[in-house]
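**Q** You'll find target.txt just under this line, and it carries compact mmCIF, C-alpha atoms and all ligand atoms.
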# COMPACT_ATOMS: atom_id res chain seq x y z
CA MET N 30 -58.48 7.22 -0.72
CA ARG N 31 -57.34 3.71 -1.56
CA ILE N 32 -55.83 3.27 -5.02
CA LEU N 33 -57.74 0.49 -6.76
CA LYS N 34 -56.90 -1.30 -10.00
CA LYS N 35 -59.72 0.51 -11.82
CA HIS N 36 -58.15 3.92 -11.00
CA ILE N 37 -54.79 3.12 -12.58
CA PRO N 38 -55.55 3.93 -16.28
CA GLU N 39 -56.82 7.45 -15.46
CA ILE N 40 -53.98 8.12 -13.02
CA THR N 41 -51.45 6.93 -15.61
CA GLN N 42 -52.97 9.06 -18.36
CA THR N 43 -52.98 12.18 -16.15
CA TRP N 44 -49.44 11.54 -14.98
CA ARG N 45 -48.17 11.14 -18.54
CA SER N 46 -49.96 14.30 -19.70
CA LYS N 47 -48.20 16.18 -16.89
CA TYR N 48 -44.72 14.61 -16.95
CA GLY N 49 -44.53 12.69 -20.24
CA GLU N 50 -42.28 9.65 -19.89
CA SER N 51 -39.72 11.57 -17.87
CA TYR N 52 -40.91 10.68 -14.38
CA ASN N 53 -42.15 7.10 -14.43
CA GLU N 54 -40.56 6.47 -11.06
CA GLY N 55 -43.08 8.86 -9.47
CA LEU N 56 -45.96 7.12 -11.23
CA ASN N 57 -44.77 3.75 -9.97
CA PHE N 58 -44.66 5.04 -6.39
CA LEU N 59 -48.15 6.46 -6.76
CA VAL N 60 -49.89 3.43 -8.24
CA SER N 61 -48.23 1.08 -5.79
CA ALA N 62 -49.19 3.22 -2.77
CA GLU N 63 -51.98 1.56 -0.81
CA GLU N 64 -53.46 4.87 0.23
CA VAL N 65 -53.08 8.50 -0.90
CA VAL N 66 -54.02 11.76 0.82
CA PRO N 67 -56.63 13.12 -1.66
CA THR N 68 -60.03 11.75 -0.64
CA ASN N 69 -61.31 10.98 -4.14
CA LEU N 70 -60.05 10.38 -7.66
CA ASN N 71 -61.02 13.83 -8.97
CA LEU N 72 -58.99 15.52 -6.25
CA LEU N 73 -56.03 13.25 -6.91
CA ILE N 74 -56.16 14.03 -10.64
CA GLU N 75 -56.38 17.77 -9.90
CA GLN N 76 -53.37 17.64 -7.56
CA ILE N 77 -51.28 15.66 -10.04
CA MET N 78 -52.05 18.31 -12.67
CA LYS N 79 -50.98 21.08 -10.26
CA GLY N 80 -47.64 19.32 -9.82
CA LYS N 81 -48.02 18.40 -6.15
CA PRO N 82 -44.97 16.36 -5.09
CA ILE N 83 -45.42 12.61 -4.95
CA GLN N 84 -44.34 12.62 -1.28
CA GLN N 85 -47.27 14.90 -0.39
CA LEU N 86 -49.73 12.94 -2.55
CA ILE N 87 -48.81 9.77 -0.66
CA GLY N 88 -48.42 11.66 2.64
CA LYS N 89 -45.56 9.45 3.73
CA TRP N 90 -41.96 9.00 2.59
CA SER N 91 -38.96 7.06 3.67
CA PHE N 92 -35.93 8.74 5.19
CA TYR N 93 -32.85 6.80 6.26
CA ASN N 94 -34.30 3.91 8.32
CA GLY N 95 -37.80 5.23 8.84
CA ASP N 96 -41.06 6.22 7.20
CA TYR N 97 -42.26 9.77 7.81
CA PHE N 98 -45.72 11.31 7.61
CA LEU N 99 -45.50 14.47 5.52
CA ASN N 100 -47.75 17.35 4.55
CA SER N 101 -47.36 20.83 3.11
CA ASP N 102 -46.36 22.22 6.54
CA VAL N 103 -42.94 20.54 6.55
CA LEU N 104 -39.97 20.13 4.26
CA ILE N 105 -39.87 16.88 2.30
CA PRO N 106 -36.78 15.09 3.71
CA ARG N 107 -33.95 15.04 1.17
CA PRO N 108 -31.22 12.48 0.33
CA GLU N 109 -28.43 14.94 1.27
CA THR N 110 -29.86 15.03 4.79
CA GLU N 111 -29.58 11.23 4.90
CA CYS N 112 -25.86 11.73 4.10
CA LEU N 113 -25.65 14.09 7.08
CA VAL N 114 -27.23 11.50 9.39
CA GLU N 115 -24.91 8.78 8.04
CA CYS N 116 -21.86 11.00 8.63
CA ILE N 117 -22.91 11.59 12.25
CA LYS N 118 -23.32 7.83 12.66
CA LEU N 119 -19.87 7.14 11.17
CA SER N 120 -18.20 9.86 13.25
CA ASN N 121 -17.79 7.25 15.98
CA ASN N 122 -18.85 9.54 18.77
CA LYS N 123 -21.08 8.23 21.53
CA PHE N 124 -23.34 11.26 21.72
CA LYS N 125 -25.44 11.36 24.87
CA LYS N 126 -27.36 14.61 24.55
CA ILE N 127 -28.49 15.65 21.10
CA LEU N 128 -30.50 18.60 19.78
CA ASP N 129 -31.85 18.88 16.22
CA MET N 130 -32.82 22.50 15.54
CA GLY N 131 -35.44 23.21 12.85
CA THR N 132 -36.60 19.61 13.12
CA GLY N 133 -39.57 19.84 10.69
CA SER N 134 -40.97 16.32 10.28
CA GLY N 135 -38.55 15.22 13.01
CA CYS N 136 -36.65 12.97 10.59
CA ILE N 137 -33.09 13.85 11.72
CA ALA N 138 -33.87 13.72 15.44
CA ILE N 139 -35.84 10.47 15.21
CA GLU N 140 -33.21 8.69 13.11
CA LEU N 141 -30.49 9.84 15.53
CA SER N 142 -32.54 8.51 18.44
CA LYS N 143 -32.41 5.09 16.75
CA ILE N 144 -28.66 5.33 16.09
CA PHE N 145 -27.91 6.50 19.64
CA PRO N 146 -30.52 4.62 21.69
CA LYS N 147 -28.97 5.69 25.00
CA ALA N 148 -28.96 9.39 24.14
CA ASN N 149 -31.42 12.03 25.25
CA VAL N 150 -32.59 13.46 21.94
CA TYR N 151 -34.41 16.77 21.53
CA GLY N 152 -35.94 18.40 18.46
CA SER N 153 -37.00 22.04 18.23
CA ASP N 154 -38.83 24.14 15.65
CA LEU N 155 -40.47 27.52 15.34
CA SER N 156 -43.50 26.00 13.64
CA ASP N 157 -46.27 24.55 15.82
CA ILE N 158 -47.72 22.56 12.92
CA ALA N 159 -44.36 21.01 12.11
CA LEU N 160 -44.03 19.98 15.76
CA LEU N 161 -47.43 18.26 15.63
CA LEU N 162 -46.26 16.14 12.72
CA ALA N 163 -42.87 15.46 14.34
CA ARG N 164 -44.70 14.14 17.42
CA LYS N 165 -46.82 11.87 15.22
CA ASN N 166 -43.66 10.58 13.50
CA ASN N 167 -42.10 10.05 16.91
CA LEU N 168 -44.53 7.19 17.59
CA GLN N 169 -42.31 4.93 15.44
CA THR N 170 -39.52 4.80 18.06
CA THR N 171 -39.27 3.54 21.58
CA ASN N 172 -36.49 5.94 22.50
CA LYS N 173 -38.73 8.99 22.32
CA VAL N 174 -37.47 12.35 21.11
CA ASN N 175 -38.55 15.39 23.13
CA PHE N 176 -39.97 17.96 20.71
CA PHE N 177 -40.48 21.58 21.76
CA LYS N 178 -41.01 25.02 20.30
CA SER N 179 -38.09 27.43 20.02
CA ASP N 180 -36.99 30.26 17.75
CA TRP N 181 -33.46 28.88 17.33
CA PHE N 182 -31.85 29.22 20.82
CA GLU N 183 -34.68 31.16 22.47
CA ASN N 184 -35.95 28.29 24.65
CA ILE N 185 -32.80 26.18 24.73
CA GLU N 186 -31.15 25.50 28.06
CA GLY N 187 -28.03 23.55 28.99
CA ARG N 188 -25.34 22.06 26.80
CA PHE N 189 -25.40 19.29 24.22
CA ASP N 190 -22.66 17.08 22.86
CA LEU N 191 -24.28 17.14 19.42
CA LEU N 192 -26.11 20.05 17.84
CA VAL N 193 -27.42 19.40 14.34
CA SER N 194 -29.48 21.49 11.97
CA ASN N 195 -30.76 21.58 8.42
CA PRO N 196 -31.93 25.21 8.54
CA PRO N 197 -33.52 27.26 5.74
CA TYR N 198 -30.66 28.31 3.45
CA ILE N 199 -32.08 29.36 0.06
CA GLU N 200 -31.44 32.94 -0.96
CA LYS N 201 -34.58 34.97 -0.31
CA THR N 202 -34.36 37.11 -3.41
CA LYS N 203 -34.32 34.13 -5.78
CA PRO N 204 -37.64 33.56 -7.57
CA LYS N 205 -39.27 30.55 -5.98
CA ASN N 206 -38.21 27.46 -7.84
CA ARG N 207 -41.22 25.59 -9.26
CA ASP N 208 -40.18 22.45 -7.41
CA LEU N 209 -40.36 24.24 -4.06
CA LYS N 210 -43.74 25.89 -4.34
CA PHE N 211 -45.49 23.18 -2.30
CA GLU N 212 -43.19 23.48 0.71
CA PRO N 213 -43.40 26.12 3.49
CA GLU N 214 -41.33 29.29 2.99
CA VAL N 215 -40.16 29.17 6.63
CA ALA N 216 -38.40 25.88 5.86
CA LEU N 217 -36.68 27.16 2.74
CA PHE N 218 -35.61 30.78 2.67
CA SER N 219 -33.14 32.84 4.61
CA GLU N 220 -31.83 36.42 4.35
CA GLU N 221 -28.15 37.35 3.76
CA LYS N 222 -27.85 35.24 0.60
CA GLY N 223 -29.39 32.30 2.42
CA LEU N 224 -26.86 32.40 5.27
CA ARG N 225 -28.66 34.30 8.02
CA ASP N 226 -30.08 31.30 9.92
CA ILE N 227 -26.89 29.28 9.45
CA ARG N 228 -24.89 32.16 10.95
CA ILE N 229 -27.25 32.49 13.94
CA ILE N 230 -26.86 28.78 14.68
CA ILE N 231 -23.07 28.66 14.29
CA MET N 232 -22.36 31.92 16.12
CA ASN N 233 -24.55 31.03 19.12
CA GLY N 234 -24.03 27.27 19.03
CA ARG N 235 -20.69 27.14 20.89
CA GLU N 236 -22.36 28.34 24.09
CA TYR N 237 -24.68 25.34 23.95
CA LEU N 238 -22.02 22.71 23.28
CA THR N 239 -20.11 20.67 25.85
CA LYS N 240 -16.30 20.86 25.78
CA ASN N 241 -15.97 18.10 23.16
CA GLY N 242 -19.28 18.82 21.49
CA TRP N 243 -19.87 18.98 17.73
CA LEU N 244 -22.12 21.10 15.52
CA PHE N 245 -23.23 19.63 12.17
CA ILE N 246 -25.02 21.95 9.77
CA GLU N 247 -26.47 21.39 6.29
CA HIS N 248 -26.17 24.15 3.68
CA GLY N 249 -26.52 24.92 -0.03
CA TYR N 250 -24.17 23.54 -2.69
CA ASN N 251 -22.34 26.90 -2.99
CA GLN N 252 -22.20 27.89 0.68
CA SER N 253 -19.47 25.63 2.10
CA ASP N 254 -16.74 28.33 2.12
CA ALA N 255 -18.97 30.92 3.76
CA VAL N 256 -20.13 28.39 6.33
CA ALA N 257 -16.56 27.25 7.12
CA SER N 258 -15.51 30.87 7.51
CA THR N 259 -18.34 31.48 10.03
CA PHE N 260 -17.24 28.40 11.98
CA LYS N 261 -13.66 29.68 11.98
CA LYS N 262 -14.54 33.22 13.05
CA SER N 263 -16.68 31.82 15.85
CA GLY N 264 -13.71 29.86 17.28
CA TYR N 265 -14.62 26.26 16.39
CA GLN N 266 -11.93 23.58 15.84
CA GLN N 267 -11.51 20.71 13.34
CA ILE N 268 -13.78 22.18 10.65
CA ARG N 269 -14.76 19.52 8.08
CA HIS N 270 -17.06 19.21 5.09
CA GLY N 271 -19.46 16.40 4.21
CA LEU N 272 -20.58 15.41 0.72
CA ASP N 273 -23.93 14.59 -0.82
CA LEU N 274 -24.49 11.68 -3.22
CA GLN N 275 -23.17 13.80 -6.13
CA GLY N 276 -19.93 14.49 -4.25
CA VAL N 277 -20.86 18.13 -3.53
CA ARG N 278 -20.08 19.74 -0.14
CA ARG N 279 -23.52 19.95 1.45
CA PHE N 280 -22.83 20.04 5.17
CA THR N 281 -20.08 21.26 7.42
CA TYR N 282 -19.23 20.23 10.96
CA ALA N 283 -16.83 21.30 13.63
CA LYS N 284 -15.87 20.75 17.23
CA ARG N 285 -16.46 23.36 19.90
C1 LIG N 301 -34.95 23.00 5.81
S1 LIG N 301 -36.23 22.64 6.97
C2 LIG N 301 -35.55 21.18 7.73
C3 LIG N 301 -36.58 20.21 8.24
C4 LIG N 301 -36.00 18.86 8.69
N1 LIG N 301 -35.02 19.04 9.73
C5 LIG N 301 -35.38 18.13 7.51
O1 LIG N 301 -34.13 18.07 7.44
O2 LIG N 301 -36.10 17.60 6.66
C6 LIG N 301 -35.92 23.92 8.16
C7 LIG N 301 -36.79 23.90 9.40
O3 LIG N 301 -36.38 25.03 10.22
C8 LIG N 301 -37.53 25.59 10.83
N2 LIG N 301 -37.22 26.99 11.19
C9 LIG N 301 -37.18 28.07 10.37
N3 LIG N 301 -36.86 29.17 11.07
C10 LIG N 301 -36.69 28.77 12.36
C11 LIG N 301 -36.35 29.46 13.57
N4 LIG N 301 -36.14 30.77 13.58
N5 LIG N 301 -36.24 28.73 14.70
C12 LIG N 301 -36.48 27.38 14.69
N6 LIG N 301 -36.80 26.69 13.58
C13 LIG N 301 -36.90 27.37 12.43
C14 LIG N 301 -38.63 25.44 9.78
O4 LIG N 301 -39.91 25.47 10.39
C15 LIG N 301 -38.28 24.07 9.17
O5 LIG N 301 -38.98 23.03 9.83
Kindly return the structure encoded in the file as structure tokens.
Ligand SMILES: C[S@@+](CC[C@H](N)C(=O)[O-])C[C@H]1O[C@@H](n2cnc3c(N)ncnc32)[C@H](O)[C@@H]1O

**A**
Amino acid sequence: MRILKKHIPEITQTWRSKYGESYNEGLNFLVSAEEVVPTNLNLLIEQIMKGKPIQQLIGKWSFYNGDYFLNSDVLIPRPETECLVECIKLSNNKFKKILDMGTGSGCIAIELSKIFPKANVYGSDLSDIALLLARKNNLQTTNKVNFFKSDWFENIEGRFDLLVSNPPYIEKTKPKNRDLKFEPEVALFSEEKGLRDIRIIIMNGREYLTKNGWLFIEHGYNQSDAVASTFKKSGYQQIRHGLDLQGVRRFTYAKR
């Protein structure tokens, strides 16, 4: 539905009854959105009351230098992932063949295709519905990303000079955080204290990297030591950490 002036008082009242004055930024985004996903005002009010994230109410959110269609089938792109993309940009490598594993909305792959316009960029995911959305988001670039289905390395062939992933890394046994209940479990949780998918990617990744290739991987705020140790055990060189906006180690990268 389109948000009209006459809808604003009821939206504001509902928002305030849900969040008080603590989240006015979200309200501002909502009332200034031209269009929202719910098809009528009652539905919108109901979804605000249920706590649906603003990004899913609007159905679109900005990430790095792009706007991304979103729904409940994909992770909402996060600021720490923008830091990861920025770090890859600043690494001063001229990557020519790039694969983003667990691409979700396609945000990492598509932004990298803009940063490295001469590169062949690929994005893979286990989820068919995520891939549909990634392909829709892909229409914003001229240097098209090739999206395809793969359970991590299952359908991957050849070598890449950049592998990147923001895999699921939240500990499975943790009760689901209220903030995460609107996002798909497959995008969030991993066994082995959240490290299982990260380990699969690091341990198998070297085989898919060119001689000077790099693997960049995002992880939880308390996983940097475990991730670095997996890189080390797997034989990678030049292991480095990257920081989020709070200065916390949130991704780790290394050379083959
Ligand atoms: C944390 S989300 C990241 C999404 C997106 N790259 C981003 O940064 O916003 C993890 C993604 O990994 C995908 N995934 C989970 N298990 C997978 C597997 N075994 N093989 C491939 N992709 C997987 C999920 O479908 C989800 O899209």

**Q** Interatomic distance between atom CA of Gly276 of chain N and atom CA of Lys118 of chain N?

**A**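 Going from atom CA of Gly276 of chain N over to atom CA of Lys118 of chain N covers 18.5 Å.
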
**Q** Find the residues near ligand LIG 301 (chain N). Use a cut-off of 7 Å, count only C-alpha atoms and all ligand atoms, and write them as a ChimeraX atom specification.

**A** /N:103-107,110,130-137,153-156,159,179-181,194-197,215-217

**Q** What is the distance between atom CA of Lys143 of chain N and atom CA of Ala62 of chain N, in Å to one decimal?

**A**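 Computed distance, atom CA of Lys143 of chain N to atom CA of Ala62 of chain N, equals 25.8 Å.
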
**Q** Can you tell me how far atom CA of Glu247 of chain N sits from atom CA of Leu161 of chain N, in Å to one decimal?

**A**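 Atom CA of Glu247 of chain N sits 23.2 Å away from atom CA of Leu161 of chain N.
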
**Q** For Glu183 of chain N, which residue among N:Trp243, N:Tyr237, N:Tyr52, N:Phe98 is the nearest when counting only C-alpha atoms?

**A**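 With only C-alpha atoms as the atom set, the closest residue is N:Tyr237.
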
**Q** If we count all atoms listed in the file, what is near Ser101 of chain N at a cut-off of 7 Å, once residues fewer than 2 positions away on the same chain are taken out, given as a list of chain:residue names?

**A**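 Neighbouring residues, sequence-local ones excluded: N:Gln85, N:Val103, N:Phe211, N:Glu212, N:Pro213.
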
**Q** When you count all atoms listed in the file, which of these residues is closest to Leu33 of chain N: N:Glu50, N:Glu186, N:Glu236, N:Glu64?

**A**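 Of all the options, N:Glu64 lies closest to Leu33 of chain N.
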
**Q** For segment 238-247 of chain N, take all atoms listed in the file, fit an axis-aligned box around them, add 8 Å to each of the six sides, then output centre and edge lengths in Å rounded to one decimal, as JSON.

**A**
{"center_x": -21.2, "center_y": 20.4, "center_z": 16.1, "size_x": 26.5, "size_y": 20.6, "size_z": 35.6}

**Q** Give me, as a tab-separated table (two decimals) with C-alpha atoms, in the coordinates of the input, all polymer residues having an atom no more than 12 Å from segment 70-83 of chain N, counting only C-alpha atoms and skipping those fewer than 3 positions away in the same chain.

**A**
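Here's the written file selection-v7.tsv:
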chain	number	residue	atom	x	y	z
N	30	MET	CA	-58.48	7.22	-0.72
N	31	ARG	CA	-57.34	3.71	-1.56
N	32	ILE	CA	-55.83	3.27	-5.02
N	33	LEU	CA	-57.74	0.49	-6.76
N	35	LYS	CA	-59.72	0.51	-11.82
N	36	HIS	CA	-58.15	3.92	-11.00
N	37	ILE	CA	-54.79	3.12	-12.58
N	38	PRO	CA	-55.55	3.93	-16.28
N	39	GLU	CA	-56.82	7.45	-15.46
N	40	ILE	CA	-53.98	8.12	-13.02
N	41	THR	CA	-51.45	6.93	-15.61
N	42	GLN	CA	-52.97	9.06	-18.36
N	43	THR	CA	-52.98	12.18	-16.15
N	44	TRP	CA	-49.44	11.54	-14.98
N	45	ARG	CA	-48.17	11.14	-18.54
N	46	SER	CA	-49.96	14.30	-19.70
N	47	LYS	CA	-48.20	16.18	-16.89
N	48	TYR	CA	-44.72	14.61	-16.95
N	52	TYR	CA	-40.91	10.68	-14.38
N	53	ASN	CA	-42.15	7.10	-14.43
N	54	GLU	CA	-40.56	6.47	-11.06
N	55	GLY	CA	-43.08	8.86	-9.47
N	56	LEU	CA	-45.96	7.12	-11.23
N	57	ASN	CA	-44.77	3.75	-9.97
N	58	PHE	CA	-44.66	5.04	-6.39
N	59	LEU	CA	-48.15	6.46	-6.76
N	60	VAL	CA	-49.89	3.43	-8.24
N	61	SER	CA	-48.23	1.08	-5.79
N	62	ALA	CA	-49.19	3.22	-2.77
N	64	GLU	CA	-53.46	4.87	0.23
N	65	VAL	CA	-53.08	8.50	-0.90
N	66	VAL	CA	-54.02	11.76	0.82
N	67	PRO	CA	-56.63	13.12	-1.66
N	86	LEU	CA	-49.73	12.94	-2.55
N	87	ILE	CA	-48.81	9.77	-0.66
N	88	GLY	CA	-48.42	11.66	2.64
N	89	LYS	CA	-45.56	9.45	3.73
N	90	TRP	CA	-41.96	9.00	2.59
N	99	LEU	CA	-45.50	14.47	5.52
N	100	ASN	CA	-47.75	17.35	4.55
N	101	SER	CA	-47.36	20.83	3.11
N	104	LEU	CA	-39.97	20.13	4.26
N	105	ILE	CA	-39.87	16.88	2.30
N	207	ARG	CA	-41.22	25.59	-9.26
N	208	ASP	CA	-40.18	22.45	-7.41
N	209	LEU	CA	-40.36	24.24	-4.06
N	210	LYS	CA	-43.74	25.89	-4.34
N	211	PHE	CA	-45.49	23.18	-2.30
N	212	GLU	CA	-43.19	23.48	0.71

**Q** Using all atoms listed in the file, pick whichever of N:Asn175, N:Ser51, N:Ser258, N:Asn167 has the shortest atom-to-atom distance to Leu128 of chain N.

**A** N:Asn175

**Q** Given all atoms listed in the file as the basis, pick out the residue of N:Asn166, N:Ser253, N:Thr171, N:Ser219 nearest to Ser91 of chain N.

**A** N:Asn166

**Q** Ranking N:Asp102, N:Gly187, N:Arg228, N:Asn94 by minimum distance to Thr170 of chain N and counting all atoms listed in the file, which one comes first?

**A**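 Of N:Asp102, N:Gly187, N:Arg228, N:Asn94, the one nearest Thr170 of chain N is N:Asn94, counting all atoms listed in the file.
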
**Q** Tell me which protein, DNA and RNA residues are within 7 Å of Arg278 of chain N, counting all atoms listed in the file, leaving out same-chain ones fewer than 4 positions away, and put them as a JSON list (two decimals) with C-alpha atoms, in the coordinates of the input.

**A**
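Listed below is the output, around_27.json:
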[["chain", "number", "residue", "atom", "x", "y", "z"],
["N", 250, "TYR", "CA", -24.17, 23.54, -2.69],
["N", 253, "SER", "CA", -19.47, 25.63, 2.10],
["N", 270, "HIS", "CA", -17.06, 19.21, 5.09],
["N", 271, "GLY", "CA", -19.46, 16.40, 4.21],
["N", 272, "LEU", "CA", -20.58, 15.41, 0.72],
["N", 273, "ASP", "CA", -23.93, 14.59, -0.82]]

**Q** Point out the residue among N:Tyr97, N:Phe145, N:Phe218, N:Phe177 with the least atom-to-atom distance to Lys165 of chain N, counting all atoms listed in the file.

**A**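 Residue with the minimum atom-to-atom distance to Lys165 of chain N: N:Tyr97.
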
**Q** Some atoms are absent from segment 189-198 of chain N, so rebuild all heavy atoms and return them as a JSON list (two decimals), in the frame of the given file.

**A**
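Output file result_34.json is given in full below:
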[["chain", "number", "residue", "atom", "x", "y", "z"],
["N", 189, "PHE", "N", -25.17, 20.53, 24.97],
["N", 189, "PHE", "CA", -25.40, 19.29, 24.22],
["N", 189, "PHE", "C", -24.06, 18.80, 23.69],
["N", 189, "PHE", "O", -23.16, 19.60, 23.44],
["N", 189, "PHE", "CB", -26.35, 19.56, 23.04],
["N", 189, "PHE", "CG", -27.70, 20.05, 23.51],
["N", 189, "PHE", "CD1", -27.89, 21.40, 23.83],
["N", 189, "PHE", "CD2", -28.76, 19.18, 23.67],
["N", 189, "PHE", "CE1", -29.12, 21.85, 24.30],
["N", 189, "PHE", "CE2", -29.99, 19.62, 24.13],
["N", 189, "PHE", "CZ", -30.17, 20.97, 24.44],
["N", 190, "ASP", "N", -23.92, 17.49, 23.51],
["N", 190, "ASP", "CA", -22.66, 17.08, 22.86],
["N", 190, "ASP", "C", -22.83, 16.92, 21.36],
["N", 190, "ASP", "O", -21.84, 16.79, 20.64],
["N", 190, "ASP", "CB", -21.97, 15.88, 23.52],
["N", 190, "ASP", "CG", -22.89, 14.76, 23.85],
["N", 190, "ASP", "OD1", -23.99, 14.76, 23.30],
["N", 190, "ASP", "OD2", -22.50, 13.89, 24.64],
["N", 191, "LEU", "N", -24.05, 17.03, 20.87],
["N", 191, "LEU", "CA", -24.28, 17.14, 19.42],
["N", 191, "LEU", "C", -25.41, 18.13, 19.16],
["N", 191, "LEU", "O", -26.53, 17.94, 19.66],
["N", 191, "LEU", "CB", -24.64, 15.77, 18.82],
["N", 191, "LEU", "CG", -25.08, 15.80, 17.35],
["N", 191, "LEU", "CD1", -23.96, 16.31, 16.44],
["N", 191, "LEU", "CD2", -25.53, 14.42, 16.88],
["N", 192, "LEU", "N", -25.08, 19.17, 18.39],
["N", 192, "LEU", "CA", -26.11, 20.05, 17.84],
["N", 192, "LEU", "C", -26.12, 19.78, 16.35],
["N", 192, "LEU", "O", -25.06, 19.71, 15.72],
["N", 192, "LEU", "CB", -25.74, 21.53, 18.03],
["N", 192, "LEU", "CG", -25.85, 22.13, 19.42],
["N", 192, "LEU", "CD1", -25.38, 23.59, 19.39],
["N", 192, "LEU", "CD2", -27.27, 22.05, 19.95],
["N", 193, "VAL", "N", -27.32, 19.64, 15.79],
["N", 193, "VAL", "CA", -27.42, 19.40, 14.34],
["N", 193, "VAL", "C", -28.56, 20.24, 13.80],
["N", 193, "VAL", "O", -29.55, 20.47, 14.50],
["N", 193, "VAL", "CB", -27.61, 17.88, 14.05],
["N", 193, "VAL", "CG1", -28.80, 17.30, 14.76],
["N", 193, "VAL", "CG2", -27.73, 17.61, 12.56],
["N", 194, "SER", "N", -28.39, 20.73, 12.57],
["N", 194, "SER", "CA", -29.48, 21.49, 11.97],
["N", 194, "SER", "C", -29.41, 21.45, 10.44],
["N", 194, "SER", "O", -28.33, 21.50, 9.86],
["N", 194, "SER", "CB", -29.43, 22.95, 12.43],
["N", 194, "SER", "OG", -30.58, 23.63, 11.94],
["N", 195, "ASN", "N", -30.60, 21.35, 9.86],
["N", 195, "ASN", "CA", -30.76, 21.58, 8.42],
["N", 195, "ASN", "C", -31.67, 22.81, 8.34],
["N", 195, "ASN", "O", -32.89, 22.67, 8.21],
["N", 195, "ASN", "CB", -31.39, 20.35, 7.76],
["N", 195, "ASN", "CG", -31.74, 20.62, 6.31],
["N", 195, "ASN", "OD1", -31.25, 21.58, 5.70],
["N", 195, "ASN", "ND2", -32.61, 19.81, 5.75],
["N", 196, "PRO", "N", -31.09, 24.00, 8.46],
["N", 196, "PRO", "CA", -31.93, 25.21, 8.54],
["N", 196, "PRO", "C", -32.35, 25.67, 7.15],
["N", 196, "PRO", "O", -31.87, 25.15, 6.14],
["N", 196, "PRO", "CB", -30.98, 26.22, 9.17],
["N", 196, "PRO", "CG", -29.63, 25.80, 8.68],
["N", 196, "PRO", "CD", -29.67, 24.31, 8.51],
["N", 197, "PRO", "N", -33.24, 26.68, 7.06],
["N", 197, "PRO", "CA", -33.52, 27.26, 5.74],
["N", 197, "PRO", "C", -32.25, 27.93, 5.22],
["N", 197, "PRO", "O", -31.57, 28.63, 5.97],
["N", 197, "PRO", "CB", -34.59, 28.32, 6.03],
["N", 197, "PRO", "CG", -34.84, 28.31, 7.48],
["N", 197, "PRO", "CD", -33.95, 27.34, 8.14],
["N", 198, "TYR", "N", -31.91, 27.70, 3.94],
["N", 198, "TYR", "CA", -30.66, 28.31, 3.45],
["N", 198, "TYR", "C", -30.74, 28.76, 1.99],
["N", 198, "TYR", "O", -29.73, 28.99, 1.34],
["N", 198, "TYR", "CB", -29.47, 27.37, 3.66],
["N", 198, "TYR", "CG", -29.63, 25.96, 3.12],
["N", 198, "TYR", "CD1", -29.64, 25.71, 1.75],
["N", 198, "TYR", "CD2", -29.73, 24.89, 3.99],
["N", 198, "TYR", "CE1", -29.76, 24.42, 1.27],
["N", 198, "TYR", "CE2", -29.87, 23.59, 3.52],
["N", 198, "TYR", "CZ", -29.88, 23.36, 2.16],
["N", 198, "TYR", "OH", -30.00, 22.08, 1.68]]
